[in-house]
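What follows is a short report on a single structure.
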Amino acid sequence: MITPTPLMEITTGYWAFKTLAAAVELDLFGRLSGGRVVTQQEVQQELDLPERPADLLLAACASLGLLERSGTGYRNTELAEQFLVPGRPHYFGGQVRYCDERTYLPYHRLGEALRADRPLTWDPQTQESLFTTADPGMLAMFWEAMYSTSSFTARSLGEAYDFGAHRRLLDVGGGAGAFPVELCRRYPQLRATVFDLPHVRAKAEEKITAAGLADRIGTASGNFLTDPALPTGHDVILLSMILHDWNETQNRAILARCHAALPPGGAIVVCELLLDDDRTGPRSAALMGMTMLVETEGGRNYSGAEYADWLVDAGFTDVRVVAFDAPGANGAVIARRP
Ligand SMILES: C[S@@+](CC[C@H](N)C(=O)[O-])C[C@H]1O[C@@H](n2cnc3c(N)ncnc32)[C@H](O)[C@@H]1O
């Protein structure tokens, strides 16, 4: 018998998200790091919560697989311990915070974006793009959110695709440098350059220095939409979560610039949440597409076949897709400049 239970799950998705966001805001998982077990009374005292909310929060977090019972107390599950404790290498809290503070309320006006085909999180009348912002809150949050999603995605890409034959990576729109940091850790022969807008440079340098990789990862500033050329001297170019921000014309121009910047034999890696060719899923890619509506002017999530067509038209060959499972990508489309 068909039941409306799937609709209940979809409809109440925000209950789970806001529970997670509140627990992250309270730093519940940070307090329980290292296997610490706490009773409900201790949670009440430490977080200054009355009895009923503490009881409800602990039950909800346990139901979501974030906490588990241990005797009369609670402790982090492995999921929370690995990804929700501040300071962990693949801390995911930056993404939770960004969705909570930046996109959650604008999503309330999704119908408006659907009718007007306009972003909701910023104003195209006063700003060139989502990324060209001097807003300190945004600067503090967005690139941190990207880093917290991409550090694990980069690890998955590094397992799925062998960078062992490459020497110099150019990460175009590399943000705070999560991919170069992870890939250089895994591939000792690799050096990298993070290319991004000028105001992002300090954030990348901070992360690269903190990772102890300043001798192998450099930064370069520029604009991949308007600069006549991208930096050369690299044998592999990465575009992670870049092309989904832009329309087809802009993407073809970016790919042409990447082609021109690579030597013969050089590789391009397009890492994204790829839509299935029949555009019916997966959910992660299709819903990221809705976020592109909320956050960008012309972006959408594309299929592997669409990227393959554009890559071939730009002059690339040997196009193939490697699949993997990560928060920021489910695969990469890889091609070579002949
Ligand atoms: C969605 S983020 C992806 C960041 C990174 N590649 C990752 O996957 O974590 C998009 C990045 O593109 C950069 N960007 C946007 N427009 C740009 C432009 N015109 N030129 C250079 N970088 C740009 C942004 O600053 C941001 O870091």
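By convention in this document, the chains of the structure tokens carry letters A, B, ... by their order, each chain's residues are numbered from 1, and ligands are numbered from 1 in the order they are shown.
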
Neighbours of ligand 1 at 8 Å or closer, counting only C-alpha atoms and all ligand atoms: which residues, as a ChimeraX atom specification? /A:129-132,143,146-147,149-151,171-179,195-197,200,221-226,238-242,245,271,328

For Met288 of chain A, work out the shell of residues within 7 Å, counting only C-alpha atoms and skipping chain neighbours fewer than 4 positions away, then give it as a PyMOL selection string. chain A and resi 284+292+301

Could you pull out the residues in segment 75-293 of chain A that DSSP calls helix (DSSP H, G or I) from the backbone, as a PyMOL selection string? chain A and resi 78-83+93-107+110-116+136-160+163-165+178-186+198-210+243-245+248-261+283-293

Write out as a list in words all residues of segment 139-288 of chain A that backbone DSSP assigns to strand (DSSP E or B).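 Residues of segment 139-288 of chain A classed as strand (DSSP E or B): Arg168, Leu169, Leu170, Asp171, Val172, Arg191, Ala192, Thr193, Val194, Phe195, Asp196, Ile217, Gly218, Thr219, Ala220, Ser221, Val236, Ile237, Leu238, Leu239, Ser240, Ala267, Ile268, Val269, Val270, Cys271, Glu272 and Leu275 of chain A.
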
Can you write just those residues out, C-alpha atoms, as a PDB file, in the first residue's frame?
ATOM      1  CA  ARG A 168      51.677  20.734 -10.698  1.00  0.00           C
ATOM      2  CA  LEU A 169      47.998  21.297  -9.979  1.00  0.00           C
ATOM      3  CA  LEU A 170      46.131  24.536 -10.748  1.00  0.00           C
ATOM      4  CA  ASP A 171      42.959  24.713  -8.646  1.00  0.00           C
ATOM      5  CA  VAL A 172      40.783  27.194 -10.550  1.00  0.00           C
ATOM      6  CA  ARG A 191      52.759  21.018  -5.922  1.00  0.00           C
ATOM      7  CA  ALA A 192      49.776  23.293  -6.393  1.00  0.00           C
ATOM      8  CA  THR A 193      48.488  26.801  -7.013  1.00  0.00           C
ATOM      9  CA  VAL A 194      45.145  28.048  -5.728  1.00  0.00           C
ATOM     10  CA  PHE A 195      43.685  30.536  -8.208  1.00  0.00           C
ATOM     11  CA  ASP A 196      40.774  32.655  -6.979  1.00  0.00           C
ATOM     12  CA  ILE A 217      51.072  25.296  -2.368  1.00  0.00           C
ATOM     13  CA  GLY A 218      51.061  28.858  -3.687  1.00  0.00           C
ATOM     14  CA  THR A 219      48.243  31.267  -4.468  1.00  0.00           C
ATOM     15  CA  ALA A 220      47.421  33.434  -7.479  1.00  0.00           C
ATOM     16  CA  SER A 221      44.681  36.021  -7.865  1.00  0.00           C
ATOM     17  CA  VAL A 236      46.511  19.303 -14.262  1.00  0.00           C
ATOM     18  CA  ILE A 237      43.655  21.744 -13.717  1.00  0.00           C
ATOM     19  CA  LEU A 238      40.888  21.177 -11.195  1.00  0.00           C
ATOM     20  CA  LEU A 239      37.453  22.797 -11.352  1.00  0.00           C
ATOM     21  CA  SER A 240      35.602  21.802  -8.193  1.00  0.00           C
ATOM     22  CA  ALA A 267      44.549  16.858 -17.693  1.00  0.00           C
ATOM     23  CA  ILE A 268      41.386  18.608 -16.569  1.00  0.00           C
ATOM     24  CA  VAL A 269      39.271  17.354 -13.664  1.00  0.00           C
ATOM     25  CA  VAL A 270      35.701  18.640 -13.280  1.00  0.00           C
ATOM     26  CA  CYS A 271      34.517  17.606  -9.821  1.00  0.00           C
ATOM     27  CA  GLU A 272      30.795  18.097  -9.176  1.00  0.00           C
ATOM     28  CA  LEU A 275      23.074  14.978 -12.470  1.00  0.00           C
TER      29      LEU A 275
END

Residue neighbourhood Leu183 of chain A, 8 Å, only C-alpha atoms, exclusion window fewer than 4 positions, as a ChimeraX atom specification: /A:154-155,158,163,179,187,190

Identify, on the basis of only C-alpha atoms, every residue whose closest approach to segment 119-122 of chain A does not exceed 9 Å; exclude the query and any residue fewer than 2 positions from it along the same chain; express the result as a list in words. Arg102, Thr103, Leu105, Pro106, Tyr107, Arg109, Leu110, Glu112, Ala113, Ala116, Asp117, Pro124, Gln125, Thr126, Gln127, Ser129, Leu130, Met292, Leu293, Val294, Glu295, Thr296 and Glu297 of chain A

With N, CA and C atoms retained, write the just-selected residues as a compact mmCIF listing (two decimals), in the first residue's frame.
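Wrote it out as selection-v3.txt, contents follow:
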# COMPACT_ATOMS: atom_id res chain seq x y z
N ARG A 102 22.80 31.53 6.19
CA ARG A 102 22.82 32.22 4.91
C ARG A 102 21.70 31.78 3.95
N THR A 103 21.42 30.49 3.87
CA THR A 103 20.46 30.06 2.83
C THR A 103 19.11 29.61 3.38
N LEU A 105 16.81 30.93 5.51
CA LEU A 105 15.70 31.89 5.42
C LEU A 105 15.37 32.27 3.97
N PRO A 106 16.36 32.54 3.12
CA PRO A 106 16.03 32.80 1.71
C PRO A 106 15.24 31.65 1.06
N TYR A 107 15.53 30.41 1.43
CA TYR A 107 14.77 29.28 0.86
C TYR A 107 13.27 29.43 1.13
N ARG A 109 11.61 31.83 0.47
CA ARG A 109 11.01 32.56 -0.66
C ARG A 109 11.30 31.85 -1.99
N LEU A 110 11.41 30.53 -1.94
CA LEU A 110 11.79 29.77 -3.13
C LEU A 110 10.82 30.00 -4.30
N GLU A 112 9.33 32.62 -5.12
CA GLU A 112 9.71 33.90 -5.76
C GLU A 112 10.87 33.68 -6.74
N ALA A 113 11.86 32.90 -6.31
CA ALA A 113 13.01 32.62 -7.19
C ALA A 113 12.57 31.81 -8.41
N ALA A 116 10.77 34.33 -10.72
CA ALA A 116 11.56 35.45 -11.26
C ALA A 116 12.90 35.00 -11.83
N ASP A 117 13.31 33.76 -11.58
CA ASP A 117 14.62 33.25 -12.01
C ASP A 117 15.73 34.20 -11.53
N PRO A 124 21.56 41.07 -7.47
CA PRO A 124 22.33 41.29 -8.70
C PRO A 124 22.37 42.76 -9.14
N GLN A 125 21.47 43.59 -8.60
CA GLN A 125 21.50 45.03 -8.94
C GLN A 125 22.71 45.72 -8.33
N THR A 126 23.14 45.23 -7.17
CA THR A 126 24.21 45.95 -6.45
C THR A 126 25.50 45.14 -6.36
N GLN A 127 25.47 43.89 -6.79
CA GLN A 127 26.65 43.02 -6.63
C GLN A 127 26.87 42.29 -7.95
N SER A 129 28.47 39.29 -8.43
CA SER A 129 28.14 37.87 -8.28
C SER A 129 28.09 37.53 -6.80
N LEU A 130 27.65 36.33 -6.52
CA LEU A 130 27.64 35.84 -5.13
C LEU A 130 29.00 36.00 -4.47
N MET A 292 21.44 26.34 -6.48
CA MET A 292 22.01 27.24 -7.50
C MET A 292 20.99 28.29 -7.92
N LEU A 293 19.72 27.94 -7.90
CA LEU A 293 18.66 28.92 -8.19
C LEU A 293 18.64 30.00 -7.10
N VAL A 294 18.77 29.55 -5.85
CA VAL A 294 18.71 30.47 -4.71
C VAL A 294 19.95 31.36 -4.63
N GLU A 295 21.09 30.82 -5.10
CA GLU A 295 22.38 31.49 -4.85
C GLU A 295 23.06 32.10 -6.08
N THR A 296 22.64 31.71 -7.29
CA THR A 296 23.38 32.20 -8.46
C THR A 296 22.42 32.73 -9.53
N GLU A 297 22.99 33.41 -10.53
CA GLU A 297 22.14 33.95 -11.61
C GLU A 297 21.90 32.94 -12.72
